[in-house]
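Enquirer: Before I ask anything, here is the structure I am working with.
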Amino acid sequence: MTQDFPDSPPPPAADLGYAGATPVAGGNLPELSVSDLSRALKRTVEETFGYVRVRGEVSQPKRVSSGHLYLRLKDDQAVIEAVCWKGTVMRLAVKPEDGMEVVCTGRLTTYPGRSQYQLIIETMELAGEGALLKMLEERKRRLAAEGLFDAQRKRPLPFLPRVIGVVTSPTGAVIRDILHRLADRFPRHVLLWPVAVQGEQAAAQVARAIQGFNAIAPGGPVPRPDLLIVARGGGSLEDLMPFNEEIVVRAAAASQIPLISAVGHETDTTLIDFASDRRAPTPTAAAEMAVPVRAELMAQVMECGRRLEGTANRLLAERRNRVEGLARGLGDPRALLEGCAQRLDDRGERLALSMTGLIRRHRTEVAKLGAGLRHPAQVLGLAYARLDIAGRGLSGGLTRLLADRATRAQNLAQRLTPQPLVRRAEEGGARLDDLGRRLDASFSRAVADGARRLEGQAKLLETLSYRGVLARGFALVTTADGHPVTKAADAPAGGRVRVEFIDGAVGATLDGEGAPAPVPTPAPPRESAPTPKPRAAARPGGQGSLF
């Protein structure tokens, strides 16, 4: 990093705008919330490092869907996060790539959401002439392969152009030198297309100027130039970079008007010099190439022109200073939106990750619930078992109750004499008969309810049993050891088999001859009247059979 900063200690907590903070009991340090401390750090960093120039290697450049560019600048000892907003990305002079060494200009700020400081990039350029020369050589080789520098494409210059179009800065010394030399040699009609000759927008403006002169229709209200001069004064390699841009070279090669390039001094060479029809070592030499010599000068007109230009420059400078002074008093709305835009990008990435995890958790829960469900056959088996246990318990309990009552009656009969207790025995017998009848009625109802439930389960069992298939006219063929025969190929030739029908089973012997005959479609079975079920004989005492 090329910026040096003063070694000044950070301001105390009392100077950060928190004079009203309550000090901790037993100490002088105020208590600050995390947000207050983050805002104080952000303000301190932005005020101390409001404008820096950093040199480093580009690492992990990533342009998100919102158009903002996130990257890292690193050297052999440190790494710093950097952000370039969407509007600035479009104006960058170079496209950042991984491993490219650049020099970035901007300001430092903090992102409280991640407790990190970062560089807000405003301009970016390649670091050093070595990187620039390597890039220019590669671009020159690629454009030459397309034929843009071929000598057959170059056109001869007109001997005495009526109108000359000049593409240069309106306030620099270049336009004055060209006009002065033209006036010395041969005054001509000059059209100036004002452009910026250095900076981020210079290349696009120069290309549009060349295309604009070529788009002027002959015979229109604005005269079409017969010759174009693209000129700029001397400067460093970085200053002349706009005239090495591909957009400018292609515009010069596609120009239908003869073009003279006069960029820099005699030792300076740019890519537009190879695409133009003639290269001039200086802007003054370009004017000498454009027109022949004329001896007489119009000094008074030139002096008035210089005075008018100076007055206009002073007026523009005053207006520019006034506008810049007013602009410094206004806040920068972009600074208010930068943090919101970065938080929006952060929340977007976290939302995508959280949706994936939520779907995965719900899928796992559904799988667990499905594994815990019971099969219907298992539920039916448990019901059968509970019903069987209940039936056995009811029968045994009734038997034990009757035996207990009989035992108690016998004991009482042995202990008591018949004379005093005859009447009481008769009353007890009557009550016992009544209780027996009531018990028989209650037991009958319970048995009937159990029989109905058992009958329903039996019907369900018959519905699921293979014997329902036998009732429709089919038969079950099994081998001697009880295994079912499902295919003709599995039938043992000459062996004994057992054929089971709905009403019984018979034995048979297979002869093994013949081929399987087509199975005829069976006629639908006739509906027969249901066979009445035989009633169980009543047991002594009115107690019927449980089943």
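Just remember, in the structure tokens the first chain shown is A, the second B, etc., residues are 1-based per chain, and ligands are 1-based in the order shown.
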Just the residues within 8 Å of Ile502 (chain A), please, counting only C-alpha atoms, with nothing from its chain fewer than 3 positions along; format it as a PyMOL selection string.

Expert: chain A and resi 467+470-471+475

Enquirer: If you keep C-alpha atoms, can you produce a file of those selected residues as a JSON list (two decimals), in the first residue's frame?

Expert:
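The result, written out as again_20.json:
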```
[["chain", "number", "residue", "atom", "x", "y", "z"],
["A", 467, "ARG", "CA", -60.78, -69.40, 0.52],
["A", 470, "LEU", "CA", -61.93, -70.99, -3.91],
["A", 471, "ALA", "CA", -65.60, -70.06, -3.49],
["A", 475, "ALA", "CA", -58.80, -74.66, -6.70]]
```

Enquirer: Using DSSP on the backbone, list every residue of region 260-350 of chain A that comes out as strand (DSSP E or B), and give them as a PDB file with N, CA, C and O atoms, in the first residue's frame.

Expert:
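Writing the result to states_6.pdb gives the following:
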```
ATOM      1  N   ILE A 260      -5.578  12.239 -39.395  1.00  0.00           N
ATOM      2  CA  ILE A 260      -4.200  12.434 -38.939  1.00  0.00           C
ATOM      3  C   ILE A 260      -4.195  12.297 -37.420  1.00  0.00           C
ATOM      4  O   ILE A 260      -4.986  12.943 -36.727  1.00  0.00           O
ATOM      5  N   SER A 261      -3.316  11.440 -36.903  1.00  0.00           N
ATOM      6  CA  SER A 261      -3.169  11.295 -35.454  1.00  0.00           C
ATOM      7  C   SER A 261      -1.956  12.090 -35.009  1.00  0.00           C
ATOM      8  O   SER A 261      -0.872  11.955 -35.567  1.00  0.00           O
ATOM      9  N   ALA A 262      -2.177  12.923 -33.972  1.00  0.00           N
ATOM     10  CA  ALA A 262      -1.099  13.755 -33.441  1.00  0.00           C
ATOM     11  C   ALA A 262      -1.196  13.700 -31.921  1.00  0.00           C
ATOM     12  O   ALA A 262      -1.660  14.644 -31.277  1.00  0.00           O
ATOM     13  N   VAL A 263      -0.757  12.591 -31.364  1.00  0.00           N
ATOM     14  CA  VAL A 263      -0.894  12.345 -29.932  1.00  0.00           C
ATOM     15  C   VAL A 263       0.498  12.360 -29.308  1.00  0.00           C
ATOM     16  O   VAL A 263       1.374  11.573 -29.700  1.00  0.00           O
ATOM     17  N   ARG A 278      -2.322   8.962 -41.437  1.00  0.00           N
ATOM     18  CA  ARG A 278      -1.011   9.608 -41.358  1.00  0.00           C
ATOM     19  C   ARG A 278      -0.730   9.926 -39.889  1.00  0.00           C
ATOM     20  O   ARG A 278      -1.624  10.363 -39.163  1.00  0.00           O
ATOM     21  N   ARG A 279       0.509   9.705 -39.455  1.00  0.00           N
ATOM     22  CA  ARG A 279       0.907  10.028 -38.099  1.00  0.00           C
ATOM     23  C   ARG A 279       1.771  11.268 -38.105  1.00  0.00           C
ATOM     24  O   ARG A 279       2.723  11.370 -38.881  1.00  0.00           O
TER      25      ARG A 279
END
```

Enquirer: I want to know what sits within 10 Å of Val485 (chain A), based on only C-alpha atoms, with residues of the same chain fewer than 5 positions away left out; could you give that as JSON, numbers by chain?

Expert: {"A": [476, 477, 478, 479, 490, 491, 492, 497, 498]}

Enquirer: Can you list, as a ChimeraX atom specification, every residue of region 74-297 of chain A that DSSP puts in helix (DSSP H, G or I)?

Expert: /A:86-89,128-145,151-153,173-185,202-215,241-244,246-254,271-275,283-290

Enquirer: Which one is closest to Asn214 (chain A): A:Ser255, A:Asp226, A:Leu191, A:His68? Count only C-alpha atoms.

Expert: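 Distance minimum relative to Asn214 (chain A) lands on A:Ser255.
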
Enquirer: Near Lys86 (chain A), within 12 Å and counting only C-alpha atoms, which residues show up once chain neighbours fewer than 3 positions away are dropped, as a PyMOL selection string?

Expert: chain A and resi 63-70+83+89-92+120-122+334+337-338+341-342

Enquirer: For CA of Ala287 (chain A) and CA of Gln205 (chain A), determine how far apart the two atoms are, in Å to one decimal place.

Expert: 21.9 Å

Enquirer: Restricting the calculation to only C-alpha atoms, which member of A:Tyr384, A:Tyr117, A:Tyr111, A:Tyr51 is positioned closest to Leu460 (chain A)?

Expert: A:Tyr384

Enquirer: Which residues come within 12 Å of Leu432 (chain A), counting only C-alpha atoms, excluding same-chain residues fewer than 6 positions away, as a PyMOL selection string?

Expert: chain A and resi 402+405-406+409+424-426+438-440

Enquirer: Okay, now the selection with all heavy atoms, as a PDB file, in the first residue's frame?

Expert:
```pdb
ATOM      1  N   LEU A 402     -69.243 -68.291  40.064  1.00  0.00           N
ATOM      2  CA  LEU A 402     -70.267 -69.295  40.439  1.00  0.00           C
ATOM      3  C   LEU A 402     -69.717 -70.272  41.481  1.00  0.00           C
ATOM      4  O   LEU A 402     -70.412 -70.653  42.439  1.00  0.00           O
ATOM      5  CB  LEU A 402     -70.746 -70.044  39.197  1.00  0.00           C
ATOM      6  CG  LEU A 402     -71.534 -69.181  38.169  1.00  0.00           C
ATOM      7  CD1 LEU A 402     -71.864 -70.012  36.945  1.00  0.00           C
ATOM      8  CD2 LEU A 402     -72.794 -68.615  38.797  1.00  0.00           C
ATOM      9  N   ARG A 405     -69.603 -68.544  44.840  1.00  0.00           N
ATOM     10  CA  ARG A 405     -70.932 -68.451  45.436  1.00  0.00           C
ATOM     11  C   ARG A 405     -71.406 -69.797  45.998  1.00  0.00           C
ATOM     12  O   ARG A 405     -72.007 -69.881  47.088  1.00  0.00           O
ATOM     13  CB  ARG A 405     -71.925 -67.944  44.389  1.00  0.00           C
ATOM     14  CG  ARG A 405     -71.702 -66.503  43.975  1.00  0.00           C
ATOM     15  CD  ARG A 405     -72.044 -65.568  45.137  1.00  0.00           C
ATOM     16  NE  ARG A 405     -71.802 -64.181  44.762  1.00  0.00           N
ATOM     17  CZ  ARG A 405     -72.733 -63.409  44.160  1.00  0.00           C
ATOM     18  NH1 ARG A 405     -73.906 -63.929  43.851  1.00  0.00           N
ATOM     19  NH2 ARG A 405     -72.440 -62.161  43.866  1.00  0.00           N
ATOM     20  N   ALA A 406     -71.114 -70.888  45.250  1.00  0.00           N
ATOM     21  CA  ALA A 406     -71.528 -72.220  45.727  1.00  0.00           C
ATOM     22  C   ALA A 406     -70.777 -72.599  47.015  1.00  0.00           C
ATOM     23  O   ALA A 406     -71.354 -73.153  47.953  1.00  0.00           O
ATOM     24  CB  ALA A 406     -71.289 -73.242  44.641  1.00  0.00           C
ATOM     25  N   ALA A 409     -72.144 -70.710  49.919  1.00  0.00           N
ATOM     26  CA  ALA A 409     -73.464 -71.225  50.305  1.00  0.00           C
ATOM     27  C   ALA A 409     -73.324 -72.527  51.105  1.00  0.00           C
ATOM     28  O   ALA A 409     -74.024 -72.747  52.105  1.00  0.00           O
ATOM     29  CB  ALA A 409     -74.318 -71.435  49.071  1.00  0.00           C
ATOM     30  N   ARG A 424     -84.887 -67.482  55.844  1.00  0.00           N
ATOM     31  CA  ARG A 424     -83.825 -66.661  55.262  1.00  0.00           C
ATOM     32  C   ARG A 424     -83.192 -67.328  54.047  1.00  0.00           C
ATOM     33  O   ARG A 424     -82.785 -66.676  53.076  1.00  0.00           O
ATOM     34  CB  ARG A 424     -82.758 -66.380  56.317  1.00  0.00           C
ATOM     35  CG  ARG A 424     -83.274 -65.522  57.475  1.00  0.00           C
ATOM     36  CD  ARG A 424     -82.179 -65.274  58.473  1.00  0.00           C
ATOM     37  NE  ARG A 424     -81.060 -64.543  57.876  1.00  0.00           N
ATOM     38  CZ  ARG A 424     -79.923 -64.247  58.510  1.00  0.00           C
ATOM     39  NH1 ARG A 424     -79.759 -64.644  59.764  1.00  0.00           N
ATOM     40  NH2 ARG A 424     -78.967 -63.586  57.896  1.00  0.00           N
ATOM     41  N   ALA A 425     -83.079 -68.673  54.080  1.00  0.00           N
ATOM     42  CA  ALA A 425     -82.511 -69.370  52.926  1.00  0.00           C
ATOM     43  C   ALA A 425     -83.400 -69.224  51.706  1.00  0.00           C
ATOM     44  O   ALA A 425     -82.934 -69.055  50.567  1.00  0.00           O
ATOM     45  CB  ALA A 425     -82.293 -70.841  53.266  1.00  0.00           C
ATOM     46  N   GLU A 426     -84.761 -69.313  51.992  1.00  0.00           N
ATOM     47  CA  GLU A 426     -85.666 -69.136  50.855  1.00  0.00           C
ATOM     48  C   GLU A 426     -85.550 -67.732  50.264  1.00  0.00           C
ATOM     49  O   GLU A 426     -85.540 -67.550  49.044  1.00  0.00           O
ATOM     50  CB  GLU A 426     -87.100 -69.408  51.331  1.00  0.00           C
ATOM     51  CG  GLU A 426     -87.347 -70.865  51.694  1.00  0.00           C
ATOM     52  CD  GLU A 426     -88.748 -71.080  52.242  1.00  0.00           C
ATOM     53  OE1 GLU A 426     -89.465 -70.044  52.410  1.00  0.00           O
ATOM     54  OE2 GLU A 426     -89.142 -72.231  52.465  1.00  0.00           O
ATOM     55  N   ARG A 438     -80.109 -61.973  36.472  1.00  0.00           N
ATOM     56  CA  ARG A 438     -79.525 -60.702  36.016  1.00  0.00           C
ATOM     57  C   ARG A 438     -78.096 -60.906  35.509  1.00  0.00           C
ATOM     58  O   ARG A 438     -77.673 -60.316  34.511  1.00  0.00           O
ATOM     59  CB  ARG A 438     -79.523 -59.700  37.169  1.00  0.00           C
ATOM     60  CG  ARG A 438     -80.939 -59.248  37.544  1.00  0.00           C
ATOM     61  CD  ARG A 438     -80.915 -58.430  38.819  1.00  0.00           C
ATOM     62  NE  ARG A 438     -80.105 -57.216  38.633  1.00  0.00           N
ATOM     63  CZ  ARG A 438     -79.833 -56.358  39.636  1.00  0.00           C
ATOM     64  NH1 ARG A 438     -80.257 -56.611  40.847  1.00  0.00           N
ATOM     65  NH2 ARG A 438     -79.109 -55.288  39.386  1.00  0.00           N
ATOM     66  N   LEU A 439     -77.342 -61.765  36.201  1.00  0.00           N
ATOM     67  CA  LEU A 439     -75.979 -62.028  35.745  1.00  0.00           C
ATOM     68  C   LEU A 439     -75.969 -62.729  34.404  1.00  0.00           C
ATOM     69  O   LEU A 439     -75.148 -62.428  33.529  1.00  0.00           O
ATOM     70  CB  LEU A 439     -75.249 -62.881  36.799  1.00  0.00           C
ATOM     71  CG  LEU A 439     -73.801 -63.261  36.477  1.00  0.00           C
ATOM     72  CD1 LEU A 439     -72.942 -61.996  36.343  1.00  0.00           C
ATOM     73  CD2 LEU A 439     -73.237 -64.165  37.562  1.00  0.00           C
ATOM     74  N   ASP A 440     -76.942 -63.714  34.260  1.00  0.00           N
ATOM     75  CA  ASP A 440     -77.010 -64.408  32.962  1.00  0.00           C
ATOM     76  C   ASP A 440     -77.350 -63.432  31.845  1.00  0.00           C
ATOM     77  O   ASP A 440     -76.773 -63.497  30.741  1.00  0.00           O
ATOM     78  CB  ASP A 440     -78.063 -65.525  33.024  1.00  0.00           C
ATOM     79  CG  ASP A 440     -77.619 -66.677  33.930  1.00  0.00           C
ATOM     80  OD1 ASP A 440     -76.394 -66.758  34.183  1.00  0.00           O
ATOM     81  OD2 ASP A 440     -78.480 -67.467  34.366  1.00  0.00           O
TER      82      ASP A 440
END
```

Enquirer: From the list A:Gly87, A:Gly429, A:Gly147, A:Gly393, which residue is nearest Ala254 (chain A) when using only C-alpha atoms?

Expert: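 Of A:Gly87, A:Gly429, A:Gly147, A:Gly393, the one nearest Ala254 (chain A) is A:Gly147, counting only C-alpha atoms.
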
Enquirer: Which one of A:Asp481, A:Ala207, A:Ala489, A:Thr463 sits closest to Val167 (chain A) if you count only C-alpha atoms?

Expert: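 Selected residue with least distance to Val167 (chain A): A:Ala207.
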
Enquirer: Find the residues around Pro223 (chain A) up to 12 Å (only C-alpha atoms counted), leave out those fewer than 2 positions away in its own chain, and share them as a list in words.

Expert: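 Result of the neighbour search: Pro161, Arg162, Val163, Ile164, Gly165, His189, Val190, Leu191, Phe213, Asn214, Ala215, Ile216, Ala217, Pro218, Gly219, Gly220, Pro221, Pro225, Asp226 and Leu227 of chain A.
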
Enquirer: Go ahead and dump the residues you just picked, N, CA, C and O atoms, as an mmCIF file, in the first residue's frame.

Expert:
```cif
data_model
loop_
_atom_site.group_PDB
_atom_site.id
_atom_site.type_symbol
_atom_site.label_atom_id
_atom_site.label_comp_id
_atom_site.auth_asym_id
_atom_site.auth_seq_id
_atom_site.Cartn_x
_atom_site.Cartn_y
_atom_site.Cartn_z
ATOM 1 N N PRO A 161 -7.836 20.981 -47.865
ATOM 2 C CA PRO A 161 -9.179 20.719 -47.333
ATOM 3 C C PRO A 161 -9.923 22.023 -47.060
ATOM 4 O O PRO A 161 -9.347 23.010 -46.604
ATOM 5 N N ARG A 162 -11.223 21.990 -47.372
ATOM 6 C CA ARG A 162 -12.042 23.176 -47.140
ATOM 7 C C ARG A 162 -12.423 23.290 -45.656
ATOM 8 O O ARG A 162 -12.422 24.383 -45.094
ATOM 9 N N VAL A 163 -12.761 22.165 -45.060
ATOM 10 C CA VAL A 163 -13.148 22.128 -43.640
ATOM 11 C C VAL A 163 -12.276 21.078 -42.948
ATOM 12 O O VAL A 163 -12.098 19.972 -43.458
ATOM 13 N N ILE A 164 -11.751 21.431 -41.789
ATOM 14 C CA ILE A 164 -10.914 20.518 -41.001
ATOM 15 C C ILE A 164 -11.615 20.277 -39.653
ATOM 16 O O ILE A 164 -11.961 21.230 -38.954
ATOM 17 N N GLY A 165 -11.815 19.005 -39.315
ATOM 18 C CA GLY A 165 -12.378 18.653 -38.014
ATOM 19 C C GLY A 165 -11.281 18.260 -37.044
ATOM 20 O O GLY A 165 -10.412 17.443 -37.364
ATOM 21 N N HIS A 189 -11.517 26.547 -42.499
ATOM 22 C CA HIS A 189 -12.660 26.378 -41.611
ATOM 23 C C HIS A 189 -12.416 25.153 -40.720
ATOM 24 O O HIS A 189 -12.258 24.048 -41.228
ATOM 25 N N VAL A 190 -12.398 25.405 -39.419
ATOM 26 C CA VAL A 190 -12.080 24.335 -38.468
ATOM 27 C C VAL A 190 -13.313 24.034 -37.611
ATOM 28 O O VAL A 190 -13.937 24.960 -37.067
ATOM 29 N N LEU A 191 -13.652 22.755 -37.511
ATOM 30 C CA LEU A 191 -14.712 22.286 -36.601
ATOM 31 C C LEU A 191 -14.056 21.564 -35.430
ATOM 32 O O LEU A 191 -13.317 20.600 -35.635
ATOM 33 N N PHE A 213 -18.256 13.014 -36.648
ATOM 34 C CA PHE A 213 -17.812 13.725 -37.853
ATOM 35 C C PHE A 213 -18.146 12.923 -39.108
ATOM 36 O O PHE A 213 -18.546 13.496 -40.129
ATOM 37 N N ASN A 214 -17.997 11.603 -39.041
ATOM 38 C CA ASN A 214 -18.321 10.788 -40.216
ATOM 39 C C ASN A 214 -19.820 10.720 -40.472
ATOM 40 O O ASN A 214 -20.248 10.426 -41.600
ATOM 41 N N ALA A 215 -20.628 10.963 -39.448
ATOM 42 C CA ALA A 215 -22.079 10.897 -39.627
ATOM 43 C C ALA A 215 -22.666 12.178 -40.195
ATOM 44 O O ALA A 215 -23.858 12.198 -40.548
ATOM 45 N N ILE A 216 -21.900 13.264 -40.290
ATOM 46 C CA ILE A 216 -22.416 14.522 -40.857
ATOM 47 C C ILE A 216 -22.650 14.329 -42.355
ATOM 48 O O ILE A 216 -21.761 13.897 -43.100
ATOM 49 N N ALA A 217 -23.866 14.664 -42.792
ATOM 50 C CA ALA A 217 -24.215 14.487 -44.215
ATOM 51 C C ALA A 217 -23.646 15.633 -45.046
ATOM 52 O O ALA A 217 -23.668 16.791 -44.621
ATOM 53 N N PRO A 218 -23.117 15.352 -46.223
ATOM 54 C CA PRO A 218 -22.625 16.437 -47.090
ATOM 55 C C PRO A 218 -23.769 17.360 -47.518
ATOM 56 O O PRO A 218 -24.884 16.916 -47.786
ATOM 57 N N GLY A 219 -23.485 18.665 -47.556
ATOM 58 C CA GLY A 219 -24.492 19.633 -47.965
ATOM 59 C C GLY A 219 -25.473 20.011 -46.888
ATOM 60 O O GLY A 219 -26.451 20.713 -47.168
ATOM 61 N N GLY A 220 -25.305 19.573 -45.659
ATOM 62 C CA GLY A 220 -26.222 19.906 -44.581
ATOM 63 C C GLY A 220 -25.891 21.242 -43.951
ATOM 64 O O GLY A 220 -25.002 21.974 -44.391
ATOM 65 N N PRO A 221 -26.621 21.590 -42.890
ATOM 66 C CA PRO A 221 -26.352 22.878 -42.218
ATOM 67 C C PRO A 221 -24.967 22.927 -41.582
ATOM 68 O O PRO A 221 -24.394 24.005 -41.450
ATOM 69 N N PRO A 225 -16.441 17.686 -42.650
ATOM 70 C CA PRO A 225 -14.990 17.913 -42.774
ATOM 71 C C PRO A 225 -14.390 17.067 -43.907
ATOM 72 O O PRO A 225 -14.841 15.955 -44.191
ATOM 73 N N ASP A 226 -13.351 17.646 -44.522
ATOM 74 C CA ASP A 226 -12.584 16.905 -45.524
ATOM 75 C C ASP A 226 -11.379 16.204 -44.900
ATOM 76 O O ASP A 226 -10.778 15.339 -45.553
ATOM 77 N N LEU A 227 -11.023 16.568 -43.663
ATOM 78 C CA LEU A 227 -9.862 16.001 -42.996
ATOM 79 C C LEU A 227 -10.111 16.067 -41.478
ATOM 80 O O LEU A 227 -10.677 17.041 -40.982
#
```

Enquirer: List the spatial neighbours of region 53-57 of chain A as number ranges by chain - criterion: any atom at most 8 Å away, only C-alpha atoms, same-chain residues fewer than 4 positions off excluded.

Expert: A: 1-3, 72-75, 98-106, 127

Enquirer: Write out the residues from the selection above, keeping N, CA, C and O atoms, as a PDB file, in the first residue's frame.

Expert:
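Done, and the output landed in part.pdb:
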```
ATOM      1  N   MET A   1       0.846  -1.183   0.000  1.00  0.00           N
ATOM      2  CA  MET A   1       0.000   0.000   0.000  1.00  0.00           C
ATOM      3  C   MET A   1       0.884   1.236   0.000  1.00  0.00           C
ATOM      4  O   MET A   1       1.844   1.326   0.749  1.00  0.00           O
ATOM      5  N   THR A   2       0.519   2.229  -0.824  1.00  0.00           N
ATOM      6  CA  THR A   2       1.380   3.377  -1.039  1.00  0.00           C
ATOM      7  C   THR A   2       1.009   4.570  -0.172  1.00  0.00           C
ATOM      8  O   THR A   2       1.714   5.558  -0.171  1.00  0.00           O
ATOM      9  N   GLN A   3      -0.116   4.504   0.575  1.00  0.00           N
ATOM     10  CA  GLN A   3      -0.523   5.659   1.373  1.00  0.00           C
ATOM     11  C   GLN A   3       0.094   5.573   2.763  1.00  0.00           C
ATOM     12  O   GLN A   3       0.070   4.534   3.406  1.00  0.00           O
ATOM     13  N   ARG A  72     -10.868  -8.499  -3.251  1.00  0.00           N
ATOM     14  CA  ARG A  72      -9.860  -8.307  -2.214  1.00  0.00           C
ATOM     15  C   ARG A  72      -8.584  -7.772  -2.838  1.00  0.00           C
ATOM     16  O   ARG A  72      -8.210  -8.185  -3.932  1.00  0.00           O
ATOM     17  N   LEU A  73      -7.926  -6.872  -2.121  1.00  0.00           N
ATOM     18  CA  LEU A  73      -6.605  -6.381  -2.501  1.00  0.00           C
ATOM     19  C   LEU A  73      -5.607  -6.931  -1.483  1.00  0.00           C
ATOM     20  O   LEU A  73      -5.821  -6.807  -0.271  1.00  0.00           O
ATOM     21  N   LYS A  74      -4.545  -7.550  -1.994  1.00  0.00           N
ATOM     22  CA  LYS A  74      -3.603  -8.184  -1.077  1.00  0.00           C
ATOM     23  C   LYS A  74      -2.179  -7.952  -1.541  1.00  0.00           C
ATOM     24  O   LYS A  74      -1.905  -7.646  -2.702  1.00  0.00           O
ATOM     25  N   ASP A  75      -1.257  -8.092  -0.608  1.00  0.00           N
ATOM     26  CA  ASP A  75       0.164  -8.154  -0.904  1.00  0.00           C
ATOM     27  C   ASP A  75       0.734  -9.326  -0.110  1.00  0.00           C
ATOM     28  O   ASP A  75      -0.011 -10.210   0.329  1.00  0.00           O
ATOM     29  N   ASP A  98      -8.425 -11.802 -11.558  1.00  0.00           N
ATOM     30  CA  ASP A  98      -7.681 -12.424 -10.464  1.00  0.00           C
ATOM     31  C   ASP A  98      -6.184 -12.426 -10.785  1.00  0.00           C
ATOM     32  O   ASP A  98      -5.764 -12.879 -11.859  1.00  0.00           O
ATOM     33  N   GLY A  99      -5.361 -11.892  -9.861  1.00  0.00           N
ATOM     34  CA  GLY A  99      -3.912 -11.833 -10.042  1.00  0.00           C
ATOM     35  C   GLY A  99      -3.417 -10.548 -10.662  1.00  0.00           C
ATOM     36  O   GLY A  99      -2.199 -10.356 -10.767  1.00  0.00           O
ATOM     37  N   MET A 100      -4.302  -9.647 -11.083  1.00  0.00           N
ATOM     38  CA  MET A 100      -3.890  -8.389 -11.716  1.00  0.00           C
ATOM     39  C   MET A 100      -3.436  -7.398 -10.635  1.00  0.00           C
ATOM     40  O   MET A 100      -4.090  -7.239  -9.606  1.00  0.00           O
ATOM     41  N   GLU A 101      -2.310  -6.746 -10.867  1.00  0.00           N
ATOM     42  CA  GLU A 101      -1.795  -5.746  -9.934  1.00  0.00           C
ATOM     43  C   GLU A 101      -2.309  -4.378 -10.355  1.00  0.00           C
ATOM     44  O   GLU A 101      -2.065  -3.942 -11.493  1.00  0.00           O
ATOM     45  N   VAL A 102      -3.044  -3.719  -9.460  1.00  0.00           N
ATOM     46  CA  VAL A 102      -3.707  -2.466  -9.782  1.00  0.00           C
ATOM     47  C   VAL A 102      -3.438  -1.452  -8.685  1.00  0.00           C
ATOM     48  O   VAL A 102      -2.956  -1.776  -7.597  1.00  0.00           O
ATOM     49  N   VAL A 103      -3.782  -0.205  -8.987  1.00  0.00           N
ATOM     50  CA  VAL A 103      -3.752   0.892  -8.023  1.00  0.00           C
ATOM     51  C   VAL A 103      -5.170   1.426  -7.938  1.00  0.00           C
ATOM     52  O   VAL A 103      -5.729   1.880  -8.945  1.00  0.00           O
ATOM     53  N   CYS A 104      -5.785   1.345  -6.744  1.00  0.00           N
ATOM     54  CA  CYS A 104      -7.165   1.757  -6.528  1.00  0.00           C
ATOM     55  C   CYS A 104      -7.200   3.024  -5.693  1.00  0.00           C
ATOM     56  O   CYS A 104      -6.422   3.179  -4.740  1.00  0.00           O
ATOM     57  N   THR A 105      -8.093   3.914  -6.050  1.00  0.00           N
ATOM     58  CA  THR A 105      -8.304   5.158  -5.315  1.00  0.00           C
ATOM     59  C   THR A 105      -9.711   5.148  -4.760  1.00  0.00           C
ATOM     60  O   THR A 105     -10.658   4.789  -5.461  1.00  0.00           O
ATOM     61  N   GLY A 106      -9.868   5.541  -3.499  1.00  0.00           N
ATOM     62  CA  GLY A 106     -11.190   5.549  -2.895  1.00  0.00           C
ATOM     63  C   GLY A 106     -11.106   5.970  -1.442  1.00  0.00           C
ATOM     64  O   GLY A 106     -10.199   6.693  -1.024  1.00  0.00           O
ATOM     65  N   ALA A 127      -1.011  -1.088 -12.340  1.00  0.00           N
ATOM     66  CA  ALA A 127       0.136  -0.628 -11.558  1.00  0.00           C
ATOM     67  C   ALA A 127       1.419  -0.764 -12.378  1.00  0.00           C
ATOM     68  O   ALA A 127       1.799  -1.862 -12.761  1.00  0.00           O
TER      69      ALA A 127
END
```

Enquirer: Which residue is closest to Ile272 (chain A)? Choose from A:Ala209, A:Leu315, A:Leu148, A:Ala290 and count only C-alpha atoms.

Expert: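 Going through A:Ala209, A:Leu315, A:Leu148, A:Ala290 one by one, the smallest distance to Ile272 (chain A) is for A:Leu148.
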
Enquirer: Between A:Gly234, A:Gly397, A:Gly113, A:Gly494, which has the minimum distance to Pro281 (chain A) (counting only C-alpha atoms)?

Expert: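 Closest to Pro281 (chain A), using only C-alpha atoms: A:Gly234.
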
Enquirer: Rounded to one decimal, what separation in Å do you get between CA of Ala231 (chain A) and CA of Phe274 (chain A)?

Expert: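 Computing it gives 14.5 Å between the two atoms.
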
Enquirer: Which distance in Å separates CA of Leu32 (chain A) and CA of Glu47 (chain A), to one decimal?

Expert: 20.5 Å
